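For reference, model_10.cif (mmCIF, C-alpha atoms and all ligand atoms):
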data_data
#
loop_
_atom_site.label_atom_id
_atom_site.label_comp_id
_atom_site.auth_asym_id
_atom_site.auth_seq_id
_atom_site.Cartn_x
_atom_site.Cartn_y
_atom_site.Cartn_z
CA MET P 117 -28.70 -21.82 32.09
CA GLU P 118 -28.76 -24.09 29.07
CA LEU P 119 -26.29 -23.96 26.19
CA THR P 120 -27.00 -25.25 22.69
CA VAL P 121 -24.03 -25.49 20.37
CA LEU P 122 -25.01 -24.19 16.92
CA GLY P 123 -21.56 -24.35 15.37
CA ASN P 124 -18.18 -25.71 16.46
CA ASN P 125 -16.17 -25.84 13.23
CA GLY P 126 -13.09 -23.64 13.01
CA THR P 127 -12.57 -21.33 10.04
CA CYS P 128 -14.86 -22.94 7.46
CA PRO P 129 -17.83 -25.26 7.99
CA ILE P 130 -17.65 -28.84 6.80
CA LYS P 131 -20.60 -30.47 5.01
CA ASP P 132 -23.72 -29.78 7.15
CA GLY P 133 -21.49 -28.11 9.74
CA ALA P 134 -21.34 -24.56 11.06
CA CYS P 135 -18.77 -22.23 12.53
CA ALA P 136 -18.68 -20.75 16.04
CA SER P 137 -22.09 -19.99 17.50
CA TYR P 138 -23.79 -20.83 20.78
CA LEU P 139 -27.28 -20.24 22.10
CA LEU P 140 -27.45 -19.56 25.83
CA GLU P 141 -30.94 -19.76 27.29
CA VAL P 142 -31.55 -18.23 30.69
CA GLY P 143 -35.19 -18.56 31.66
CA THR P 144 -37.07 -17.10 28.72
CA ARG P 145 -34.07 -15.12 27.49
CA LYS P 146 -32.16 -16.24 24.41
CA ILE P 147 -28.61 -15.02 24.01
CA LEU P 148 -26.65 -15.76 20.88
CA ILE P 149 -22.89 -15.87 21.38
CA ASP P 150 -20.99 -15.50 18.10
CA VAL P 151 -22.74 -15.90 14.77
CA GLY P 152 -20.39 -17.93 12.58
CA ASN P 153 -21.11 -19.01 9.03
CA GLY P 154 -23.82 -21.66 8.87
CA SER P 155 -25.12 -21.01 12.38
CA VAL P 156 -28.32 -19.14 11.61
CA ALA P 157 -29.68 -22.19 9.77
CA LYS P 158 -28.92 -24.29 12.86
CA LEU P 159 -30.51 -21.73 15.17
CA GLN P 160 -33.86 -22.20 13.46
CA HIS P 161 -33.96 -25.78 14.71
CA ILE P 162 -34.37 -24.21 18.17
CA CYS P 163 -36.28 -20.96 17.78
CA ASP P 164 -37.36 -18.14 15.53
CA LEU P 165 -34.73 -15.46 14.87
CA SER P 166 -36.96 -12.80 16.46
CA GLU P 167 -36.79 -14.60 19.81
CA ILE P 168 -33.12 -13.67 20.27
CA ASP P 169 -32.86 -10.75 22.70
CA THR P 170 -29.07 -10.37 22.93
CA ILE P 171 -26.12 -11.11 20.64
CA ILE P 172 -22.55 -11.18 21.89
CA VAL P 173 -19.66 -11.20 19.40
CA SER P 174 -16.25 -12.26 20.71
CA HIS P 175 -14.25 -10.89 17.77
CA LEU P 176 -14.61 -9.89 14.16
CA HIS P 177 -13.25 -12.88 12.26
CA PHE P 178 -15.76 -14.05 9.71
CA ASP P 179 -16.09 -17.54 11.16
CA HIS P 180 -17.56 -15.76 14.20
CA ILE P 181 -19.64 -12.99 12.62
CA ALA P 182 -20.50 -13.92 9.02
CA ASP P 183 -24.12 -14.86 9.75
CA LEU P 184 -24.74 -11.68 11.75
CA PHE P 185 -25.40 -9.88 8.48
CA PRO P 186 -28.00 -12.24 6.95
CA PHE P 187 -29.55 -12.52 10.42
CA LYS P 188 -30.07 -8.75 10.28
CA TYR P 189 -31.33 -8.90 6.69
CA ALA P 190 -33.99 -11.40 7.77
CA LEU P 191 -35.26 -9.26 10.65
CA GLU P 192 -35.16 -5.94 8.80
CA THR P 193 -37.10 -7.49 5.92
CA ARG P 194 -39.77 -8.74 8.31
CA LYS P 195 -39.86 -5.32 9.97
CA TYR P 196 -40.25 -3.64 6.58
CA LEU P 197 -43.18 -5.96 5.83
CA GLY P 198 -44.92 -4.74 8.97
CA GLU P 199 -43.93 -7.17 11.68
CA ASN P 200 -43.22 -5.78 15.12
CA ILE P 201 -39.57 -6.73 15.66
CA ARG P 202 -38.05 -5.82 19.01
CA LYS P 203 -34.56 -4.38 19.16
CA ILE P 204 -31.71 -6.76 19.92
CA ASN P 205 -28.88 -5.88 22.30
CA LEU P 206 -25.60 -6.33 20.43
CA TYR P 207 -22.30 -6.47 22.31
CA ILE P 208 -19.42 -6.31 19.85
CA PRO P 209 -15.79 -5.12 19.73
CA VAL P 210 -15.13 -1.80 18.03
CA VAL P 211 -15.79 -2.30 14.31
CA PRO P 212 -14.43 -0.76 11.11
CA ASP P 213 -16.62 1.72 9.25
CA TRP P 214 -18.07 -0.74 6.76
CA ILE P 215 -19.37 -3.00 9.55
CA GLU P 216 -20.67 0.02 11.46
CA LYS P 217 -22.70 0.94 8.39
CA GLU P 218 -24.07 -2.60 8.10
CA ILE P 219 -25.13 -3.01 11.71
CA SER P 220 -26.40 0.47 12.52
CA THR P 221 -29.13 0.84 9.91
CA ASN P 222 -32.85 0.12 10.34
CA ASP P 223 -32.77 0.15 14.12
CA ILE P 224 -32.36 -3.61 14.48
CA PHE P 225 -29.58 -3.53 17.07
CA SER P 226 -28.95 -1.58 20.23
CA ILE P 227 -25.14 -1.58 20.04
CA THR P 228 -22.65 -1.64 22.91
CA TYR P 229 -18.97 -1.64 21.98
CA ILE P 230 -16.95 -3.78 24.37
CA ASN P 231 -13.40 -3.34 25.56
CA ASP P 232 -11.06 -5.04 28.00
CA GLY P 233 -12.60 -5.29 31.46
CA PHE P 234 -16.03 -4.15 30.30
CA THR P 235 -18.71 -5.44 32.61
CA CYS P 236 -22.45 -4.94 32.81
CA SER P 237 -25.56 -6.36 34.40
CA THR P 238 -28.59 -7.14 32.35
CA GLU P 239 -31.72 -8.73 33.84
CA GLN P 240 -30.01 -10.96 36.42
CA LEU P 241 -27.03 -11.67 34.18
CA GLN P 242 -23.58 -10.35 34.93
CA LEU P 243 -21.36 -10.07 31.84
CA THR P 244 -17.59 -9.58 31.99
CA PHE P 245 -15.26 -9.31 29.00
CA LYS P 246 -11.50 -9.84 29.00
CA ARG P 247 -9.14 -9.31 26.10
CA VAL P 248 -7.27 -12.47 25.12
CA VAL P 249 -4.38 -13.17 22.75
CA HIS P 250 -5.50 -13.53 19.15
CA MET P 251 -5.19 -11.71 15.86
CA GLY P 252 -6.94 -8.41 16.47
CA ASP P 253 -9.24 -7.61 19.38
CA SER P 254 -10.72 -10.82 20.79
CA PHE P 255 -12.60 -11.18 24.04
CA ALA P 256 -13.36 -14.03 26.39
CA ILE P 257 -16.74 -13.70 28.09
CA ARG P 258 -17.86 -14.62 31.59
CA ILE P 259 -21.60 -14.86 32.23
CA GLU P 260 -22.96 -15.30 35.74
CA ASN P 261 -26.54 -16.01 36.74
CA GLU P 262 -27.96 -17.08 40.10
CA GLY P 263 -24.73 -18.62 41.36
CA LYS P 264 -23.80 -20.38 38.11
CA THR P 265 -21.01 -19.28 35.82
CA PHE P 266 -20.43 -19.92 32.14
CA VAL P 267 -17.22 -18.81 30.42
CA TYR P 268 -16.43 -18.77 26.70
CA SER P 269 -12.85 -18.33 25.52
CA GLY P 270 -13.58 -16.75 22.15
CA ASP P 271 -10.55 -17.40 19.95
CA SER P 272 -7.33 -17.25 21.92
CA GLY P 273 -3.81 -18.47 22.23
CA GLN P 274 -2.29 -19.35 25.57
CA CYS P 275 -2.49 -16.43 28.02
CA THR P 276 -3.07 -15.98 31.74
CA GLN P 277 -6.22 -13.96 31.00
CA LEU P 278 -7.98 -17.22 30.15
CA GLN P 279 -7.19 -18.80 33.53
CA GLU P 280 -8.33 -15.60 35.21
CA ILE P 281 -11.67 -15.28 33.47
CA ALA P 282 -12.42 -19.02 33.60
CA LYS P 283 -11.57 -19.30 37.30
CA LYS P 284 -13.94 -21.66 39.17
CA SER P 285 -16.55 -21.46 36.42
CA ASP P 286 -19.12 -24.26 36.23
CA VAL P 287 -18.76 -24.69 32.48
CA PHE P 288 -15.84 -23.43 30.40
CA LEU P 289 -16.38 -23.53 26.65
CA CYS P 290 -12.90 -23.29 25.21
CA GLU P 291 -11.55 -23.19 21.73
CA SER P 292 -9.24 -26.09 20.87
CA THR P 293 -8.52 -25.37 17.27
CA MET P 294 -5.59 -27.75 17.04
CA LEU P 295 -5.74 -31.45 17.68
CA ASP P 296 -2.03 -31.70 18.28
CA ASP P 297 0.40 -29.57 20.16
CA ASP P 298 3.05 -29.20 17.48
CA ALA P 299 1.12 -26.35 15.97
CA ASN P 300 3.82 -25.10 13.66
CA GLY P 301 4.41 -22.16 15.94
CA ILE P 302 0.76 -21.05 15.99
CA SER P 303 0.28 -18.94 19.11
CA HIS P 304 -3.13 -17.41 18.47
CA HIS P 305 -5.09 -20.64 18.95
CA LEU P 306 -5.08 -23.50 21.46
CA SER P 307 -4.63 -27.24 21.20
CA ALA P 308 -6.86 -29.73 23.03
CA LYS P 309 -4.07 -30.27 25.55
CA GLN P 310 -3.61 -26.55 26.17
CA ALA P 311 -7.36 -26.07 26.69
CA ALA P 312 -7.34 -28.92 29.22
CA GLN P 313 -4.38 -27.46 31.09
CA ILE P 314 -6.09 -24.07 31.33
CA ALA P 315 -9.25 -25.75 32.64
CA GLN P 316 -7.19 -27.64 35.22
CA GLU P 317 -5.36 -24.52 36.40
CA ALA P 318 -8.57 -22.47 36.52
CA GLY P 319 -10.37 -25.15 38.54
CA VAL P 320 -13.42 -25.25 36.29
CA GLY P 321 -16.24 -27.74 36.75
CA LYS P 322 -16.60 -28.92 33.18
CA LEU P 323 -14.67 -28.22 29.99
CA LEU P 324 -16.41 -28.15 26.62
CA LEU P 325 -14.18 -28.14 23.54
CA THR P 326 -15.04 -26.27 20.36
CA HIS P 327 -13.68 -24.52 17.23
CA PHE P 328 -12.19 -27.68 15.76
CA SER P 329 -9.92 -27.33 12.74
CA GLN P 330 -10.57 -31.04 12.14
CA PRO P 331 -14.30 -31.41 12.96
CA TYR P 332 -14.50 -35.00 11.71
CA ASP P 333 -12.05 -35.92 14.48
CA ALA P 334 -13.92 -34.18 17.32
CA GLN P 335 -13.73 -37.26 19.55
CA LYS P 336 -9.95 -37.33 19.26
CA TYR P 337 -9.78 -33.83 20.76
CA GLU P 338 -11.69 -35.12 23.76
CA GLN P 339 -9.35 -38.10 24.14
CA LYS P 340 -6.27 -35.88 24.04
CA ALA P 341 -7.72 -33.38 26.52
CA LYS P 342 -8.81 -36.14 28.93
CA LEU P 343 -5.18 -36.95 29.66
CA PHE P 344 -4.95 -33.57 31.41
CA PHE P 345 -8.50 -32.81 32.60
CA ASN P 346 -11.07 -35.45 33.32
CA ASN P 347 -14.44 -33.71 32.98
CA VAL P 348 -14.20 -32.77 29.32
CA GLU P 349 -16.44 -33.21 26.33
CA SER P 350 -16.09 -32.38 22.65
CA THR P 351 -19.17 -30.37 21.72
CA VAL P 352 -21.68 -31.66 19.20
CA ILE P 353 -23.75 -29.33 17.02
CA LEU P 354 -27.34 -28.98 18.28
CA LYS P 355 -26.54 -30.80 21.52
CA LYS P 356 -27.65 -29.07 24.73
CA TYR P 357 -25.49 -28.64 27.83
CA GLN P 358 -26.76 -27.68 31.29
CA ILE P 359 -24.94 -25.06 33.33
ZN ZN L 1 -10.48 -15.81 15.19
#

Would you kindly transcribe this structure into structure tokens?
Amino acid sequence: MELTVLGNNGTCPIKDGACASYLLEVGTRKILIDVGNGSVAKLQHICDLSEIDTIIVSHLHFDHIADLFPFKYALETRKYLGENIRKINLYIPVVPDWIEKEISTNDIFSITYINDGFTCSTEQLQLTFKRVVHMGDSFAIRIENEGKTFVYSGDSGQCTQLQEIAKKSDVFLCESTMLDDDANGISHHLSAKQAAQIAQEAGVGKLLLTHFSQPYDAQKYEQKAKLFFNNVESTVILKKYQI
């Protein structure tokens, strides 16, 4: 499996940045995990939008889903103009009515609503979702393929579910929204140190940090995490990581 980071900014993209989005390539398959604001422009450095066969959404905050809607506009326009656009598998938490209306028209997506513990197999991939602690329904995702395991935290505060789902994974992509630990009582996001401690306890192979609230200081997150877990890297947009 190969992961390309399309966006790693938390909340709002900085200049030329993008919010949470990751392209996972498994053989010829292209799986888009979260579709944060700014990410669809980055995606087109790698492939055409119609090449995506599956989209997974961890939760419904706009910095994780905003570009899902223009992504759909692009494909439904091309379909309307006569192009043969194949349906995309969309795994997403239960949505409010207005989102349901947006995503269900024009037969662009084949929608599966996820819940805690949901698991499925799709063409040699095993997907498992676990609810984590955030504002609203948010899911961490474990993806296994041919003996390799990739885990993505989604957005989460500290909770044992993260250690459980990340256990012994080869690569754990974890949010570390906060550079420092004194997070003014914020319990629905992690610091770099907390992400590193979870990686250590879960016995993961490599930790990738993402969802930075201070993207210009991405290297500082890595330095802080390294004090608690050695094999850690702050992600870089459009950089590829092998799993
Ligand atoms: Zn969130």

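Residues with any atom within 7 Å of range 144-158 of chain P, counting only C-alpha atoms and excluding same-chain neighbours fewer than 3 positions away, are Leu122, Gly123, Gly133, Ala134, Cys135, Ala136, Ser137, Tyr138, Leu139, Leu140, Glu141, His161, Glu167, Ile168, Asp169, Thr170, Ile171, Ile172, Val173, Ser174, Phe178, Asp179, His180, Ile181, Ala182, Asp183, Leu184 and Phe187 of chain P.
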
Spatial neighbours of range 215-219 of chain P, 10 Å, all atoms listed in the file, chain gap at least 5 places, as a PyMOL selection string:
chain P and resi 176+184-185+188-189+206+210+224-227

Dump as CSV the rows for residues of chain P within 9 Å of ligand ZN 1 (chain L): closest atom pair and distance in Å with one decimal, all atoms listed in the file counted, ordered by chain and rising residue number.
residue,atom,partner,partner_atom,distance
P:Gly126,CA,L:ZN1,ZN,8.5
P:Thr127,CA,L:ZN1,ZN,7.8
P:Ser174,CA,L:ZN1,ZN,8.7
P:His175,CA,L:ZN1,ZN,6.7
P:Leu176,CA,L:ZN1,ZN,7.3
P:His177,CA,L:ZN1,ZN,5.0
P:Phe178,CA,L:ZN1,ZN,7.8
P:Asp179,CA,L:ZN1,ZN,7.1
P:His180,CA,L:ZN1,ZN,7.1
P:His250,CA,L:ZN1,ZN,6.8
P:Met251,CA,L:ZN1,ZN,6.7
P:Gly252,CA,L:ZN1,ZN,8.3
P:Ser254,CA,L:ZN1,ZN,7.5
P:Gly270,CA,L:ZN1,ZN,7.7
P:Asp271,CA,L:ZN1,ZN,5.0
P:Ser272,CA,L:ZN1,ZN,7.6
P:His304,CA,L:ZN1,ZN,8.2
P:His305,CA,L:ZN1,ZN,8.2

Grab all the atoms of range 162-175 of chain P that the file lists, wrap them in a box along x, y and z, add 3 Å per side, and give me centre plus edge lengths in Å (one decimal) as JSON.
{"center_x": -25.8, "center_y": -17.3, "center_z": 18.9, "size_x": 29.1, "size_y": 19.8, "size_z": 14.1}

Two-atom distance - CA of Lys283 in chain P, CA of Ser303 in chain P (Å):
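CA of Ser303 in chain P lies at a distance of 21.7 Å from CA of Lys283 in chain P.
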
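As for CA of Gly321 in chain P and CA of Val287 in chain P, they are spaced 5.8 Å apart.
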
Pick the closest to Gln242 in chain P from P:Cys128, P:Ile259, P:Ile208, P:Leu325: which is it, counting all atoms listed in the file?
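Of all the options, P:Ile259 lies closest to Gln242 in chain P.
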
Point-to-point distance from CA of Tyr268 in chain P to CA of Leu324 in chain P, Å rounded to tenths:
9.4 Å

If we count all atoms listed in the file, what is near Ile230 in chain P at a cut-off of 9 Å, once residues fewer than 4 positions away on the same chain are taken out, given as a VMD selection string?
chain P and resid 207 to 210 234 to 235 245 255

Go through P:Ile162, P:Ile201, P:Leu295, P:Val348 one by one, measure the shortest atom-to-atom distance of each to Tyr332 in chain P using only C-alpha atoms, and give the residue with the smallest value.
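For Tyr332 in chain P, the nearest of the given residues is P:Leu295.
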
Please identify all polymer residues within 7 Å of range 333-345 of chain P, counting all atoms listed in the file, omitting same-chain residues fewer than 5 positions from it, and present them as a ChimeraX atom specification.
/P:295,308-309,312-313,316,328,350

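With only C-alpha atoms as the atoms that count, the residue of P:Ile204, P:Val121, P:Ala282, P:Val352 with the shortest distance to Val320 in chain P is P:Ala282.
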
I'd like the contact shell of Asn261 in chain P - 9 Å cut-off, all atoms listed in the file, skipping same-chain residues fewer than 3 positions apart - returned as a VMD selection string.
chain P and resid 117 142 240 to 242 264 to 266

Identify which of the residues P:Asn346, P:Met294, P:Asp286, P:Gln160 lies closest to Thr326 in chain P, counting all atoms listed in the file when measuring atom-to-atom distances.
P:Met294

Place a sphere of radius 9 Å on (-10.0, -19.6, 34.7) in the file coordinates and name every protein, DNA or RNA residue with an atom inside or on its surface, counting all atoms listed in the file; give the answer as JSON, numbers by chain.
{"P": [267, 276, 277, 278, 279, 280, 281, 282, 283, 284, 285, 288, 314, 315, 316, 317, 318, 319, 320]}

Selection above as a file: C-alpha atoms, as a PDB file, in the frame of the given file:
ATOM      1  CA  VAL P 267     -17.220 -18.810  30.420  1.00  0.00           C
ATOM      2  CA  THR P 276      -3.070 -15.980  31.740  1.00  0.00           C
ATOM      3  CA  GLN P 277      -6.220 -13.960  31.000  1.00  0.00           C
ATOM      4  CA  LEU P 278      -7.980 -17.220  30.150  1.00  0.00           C
ATOM      5  CA  GLN P 279      -7.190 -18.800  33.530  1.00  0.00           C
ATOM      6  CA  GLU P 280      -8.330 -15.600  35.210  1.00  0.00           C
ATOM      7  CA  ILE P 281     -11.670 -15.280  33.470  1.00  0.00           C
ATOM      8  CA  ALA P 282     -12.420 -19.020  33.600  1.00  0.00           C
ATOM      9  CA  LYS P 283     -11.570 -19.300  37.300  1.00  0.00           C
ATOM     10  CA  LYS P 284     -13.940 -21.660  39.170  1.00  0.00           C
ATOM     11  CA  SER P 285     -16.550 -21.460  36.420  1.00  0.00           C
ATOM     12  CA  PHE P 288     -15.840 -23.430  30.400  1.00  0.00           C
ATOM     13  CA  ILE P 314      -6.090 -24.070  31.330  1.00  0.00           C
ATOM     14  CA  ALA P 315      -9.250 -25.750  32.640  1.00  0.00           C
ATOM     15  CA  GLN P 316      -7.190 -27.640  35.220  1.00  0.00           C
ATOM     16  CA  GLU P 317      -5.360 -24.520  36.400  1.00  0.00           C
ATOM     17  CA  ALA P 318      -8.570 -22.470  36.520  1.00  0.00           C
ATOM     18  CA  GLY P 319     -10.370 -25.150  38.540  1.00  0.00           C
ATOM     19  CA  VAL P 320     -13.420 -25.250  36.290  1.00  0.00           C
TER      20      VAL P 320
END

Is there a way to complete range 228-239 of chain P with all heavy atoms and then write that out as a PDB file, keeping the file's coordinate frame?
ATOM      1  N   THR P 228     -23.623  -1.992  21.871  1.00  0.00           N
ATOM      2  CA  THR P 228     -22.650  -1.640  22.910  1.00  0.00           C
ATOM      3  C   THR P 228     -21.287  -2.139  22.462  1.00  0.00           C
ATOM      4  O   THR P 228     -21.130  -3.335  22.179  1.00  0.00           O
ATOM      5  CB  THR P 228     -23.013  -2.304  24.256  1.00  0.00           C
ATOM      6  OG1 THR P 228     -24.327  -1.895  24.641  1.00  0.00           O
ATOM      7  CG2 THR P 228     -22.014  -1.906  25.346  1.00  0.00           C
ATOM      8  N   TYR P 229     -20.318  -1.225  22.366  1.00  0.00           N
ATOM      9  CA  TYR P 229     -18.970  -1.640  21.980  1.00  0.00           C
ATOM     10  C   TYR P 229     -18.199  -2.050  23.240  1.00  0.00           C
ATOM     11  O   TYR P 229     -18.167  -1.308  24.219  1.00  0.00           O
ATOM     12  CB  TYR P 229     -18.253  -0.502  21.246  1.00  0.00           C
ATOM     13  CG  TYR P 229     -18.866  -0.278  19.877  1.00  0.00           C
ATOM     14  CD1 TYR P 229     -19.607   0.868  19.592  1.00  0.00           C
ATOM     15  CD2 TYR P 229     -18.733  -1.245  18.880  1.00  0.00           C
ATOM     16  CE1 TYR P 229     -20.192   1.051  18.344  1.00  0.00           C
ATOM     17  CE2 TYR P 229     -19.306  -1.066  17.634  1.00  0.00           C
ATOM     18  CZ  TYR P 229     -20.039   0.071  17.369  1.00  0.00           C
ATOM     19  OH  TYR P 229     -20.622   0.248  16.138  1.00  0.00           O
ATOM     20  N   ILE P 230     -17.611  -3.242  23.188  1.00  0.00           N
ATOM     21  CA  ILE P 230     -16.950  -3.780  24.370  1.00  0.00           C
ATOM     22  C   ILE P 230     -15.442  -3.497  24.308  1.00  0.00           C
ATOM     23  O   ILE P 230     -14.875  -3.317  23.233  1.00  0.00           O
ATOM     24  CB  ILE P 230     -17.201  -5.302  24.507  1.00  0.00           C
ATOM     25  CG1 ILE P 230     -16.772  -6.058  23.248  1.00  0.00           C
ATOM     26  CG2 ILE P 230     -18.647  -5.564  24.826  1.00  0.00           C
ATOM     27  CD1 ILE P 230     -16.995  -7.562  23.313  1.00  0.00           C
ATOM     28  N   ASN P 231     -14.853  -3.444  25.481  1.00  0.00           N
ATOM     29  CA  ASN P 231     -13.400  -3.340  25.560  1.00  0.00           C
ATOM     30  C   ASN P 231     -12.922  -4.139  26.758  1.00  0.00           C
ATOM     31  O   ASN P 231     -13.735  -4.713  27.492  1.00  0.00           O
ATOM     32  CB  ASN P 231     -12.956  -1.869  25.633  1.00  0.00           C
ATOM     33  CG  ASN P 231     -13.742  -1.118  26.672  1.00  0.00           C
ATOM     34  OD1 ASN P 231     -13.978  -1.632  27.773  1.00  0.00           O
ATOM     35  ND2 ASN P 231     -14.176   0.088  26.349  1.00  0.00           N
ATOM     36  N   ASP P 232     -11.621  -4.193  26.947  1.00  0.00           N
ATOM     37  CA  ASP P 232     -11.060  -5.040  28.000  1.00  0.00           C
ATOM     38  C   ASP P 232     -11.567  -4.612  29.372  1.00  0.00           C
ATOM     39  O   ASP P 232     -11.493  -3.430  29.723  1.00  0.00           O
ATOM     40  CB  ASP P 232      -9.526  -4.937  27.949  1.00  0.00           C
ATOM     41  CG  ASP P 232      -8.867  -5.964  28.852  1.00  0.00           C
ATOM     42  OD1 ASP P 232      -9.473  -7.024  29.085  1.00  0.00           O
ATOM     43  OD2 ASP P 232      -7.749  -5.701  29.306  1.00  0.00           O
ATOM     44  N   GLY P 233     -12.110  -5.576  30.111  1.00  0.00           N
ATOM     45  CA  GLY P 233     -12.600  -5.290  31.460  1.00  0.00           C
ATOM     46  C   GLY P 233     -14.026  -4.792  31.504  1.00  0.00           C
ATOM     47  O   GLY P 233     -14.581  -4.569  32.580  1.00  0.00           O
ATOM     48  N   PHE P 234     -14.640  -4.625  30.326  1.00  0.00           N
ATOM     49  CA  PHE P 234     -16.030  -4.150  30.300  1.00  0.00           C
ATOM     50  C   PHE P 234     -16.926  -5.130  31.044  1.00  0.00           C
ATOM     51  O   PHE P 234     -16.831  -6.346  30.891  1.00  0.00           O
ATOM     52  CB  PHE P 234     -16.514  -4.012  28.847  1.00  0.00           C
ATOM     53  CG  PHE P 234     -17.957  -3.568  28.739  1.00  0.00           C
ATOM     54  CD1 PHE P 234     -18.315  -2.240  28.919  1.00  0.00           C
ATOM     55  CD2 PHE P 234     -18.966  -4.499  28.482  1.00  0.00           C
ATOM     56  CE1 PHE P 234     -19.639  -1.838  28.833  1.00  0.00           C
ATOM     57  CE2 PHE P 234     -20.291  -4.099  28.394  1.00  0.00           C
ATOM     58  CZ  PHE P 234     -20.622  -2.767  28.561  1.00  0.00           C
ATOM     59  N   THR P 235     -17.795  -4.585  31.871  1.00  0.00           N
ATOM     60  CA  THR P 235     -18.710  -5.440  32.610  1.00  0.00           C
ATOM     61  C   THR P 235     -20.069  -4.756  32.676  1.00  0.00           C
ATOM     62  O   THR P 235     -20.165  -3.524  32.663  1.00  0.00           O
ATOM     63  CB  THR P 235     -18.149  -5.738  34.017  1.00  0.00           C
ATOM     64  OG1 THR P 235     -19.086  -6.524  34.729  1.00  0.00           O
ATOM     65  CG2 THR P 235     -17.831  -4.481  34.803  1.00  0.00           C
ATOM     66  N   CYS P 236     -21.115  -5.530  32.676  1.00  0.00           N
ATOM     67  CA  CYS P 236     -22.450  -4.940  32.810  1.00  0.00           C
ATOM     68  C   CYS P 236     -23.420  -5.975  33.352  1.00  0.00           C
ATOM     69  O   CYS P 236     -23.181  -7.185  33.276  1.00  0.00           O
ATOM     70  CB  CYS P 236     -22.938  -4.378  31.479  1.00  0.00           C
ATOM     71  SG  CYS P 236     -23.265  -5.630  30.242  1.00  0.00           S
ATOM     72  N   SER P 237     -24.495  -5.488  33.908  1.00  0.00           N
ATOM     73  CA  SER P 237     -25.560  -6.360  34.400  1.00  0.00           C
ATOM     74  C   SER P 237     -26.776  -6.150  33.532  1.00  0.00           C
ATOM     75  O   SER P 237     -27.121  -5.022  33.207  1.00  0.00           O
ATOM     76  CB  SER P 237     -25.928  -5.997  35.833  1.00  0.00           C
ATOM     77  OG  SER P 237     -24.861  -6.264  36.675  1.00  0.00           O
ATOM     78  N   THR P 238     -27.394  -7.239  33.156  1.00  0.00           N
ATOM     79  CA  THR P 238     -28.590  -7.140  32.350  1.00  0.00           C
ATOM     80  C   THR P 238     -29.571  -8.224  32.778  1.00  0.00           C
ATOM     81  O   THR P 238     -29.287  -9.414  32.605  1.00  0.00           O
ATOM     82  CB  THR P 238     -28.277  -7.222  30.833  1.00  0.00           C
ATOM     83  OG1 THR P 238     -29.432  -7.691  30.145  1.00  0.00           O
ATOM     84  CG2 THR P 238     -27.116  -8.154  30.524  1.00  0.00           C
ATOM     85  N   GLU P 239     -30.659  -7.808  33.395  1.00  0.00           N
ATOM     86  CA  GLU P 239     -31.720  -8.730  33.840  1.00  0.00           C
ATOM     87  C   GLU P 239     -31.145  -9.995  34.481  1.00  0.00           C
ATOM     88  O   GLU P 239     -31.255 -11.086  33.934  1.00  0.00           O
ATOM     89  CB  GLU P 239     -32.619  -9.103  32.658  1.00  0.00           C
ATOM     90  CG  GLU P 239     -33.466  -7.931  32.176  1.00  0.00           C
ATOM     91  CD  GLU P 239     -34.249  -8.310  30.934  1.00  0.00           C
ATOM     92  OE1 GLU P 239     -34.842  -9.394  30.929  1.00  0.00           O
ATOM     93  OE2 GLU P 239     -34.243  -7.516  29.975  1.00  0.00           O
TER      94      GLU P 239
END
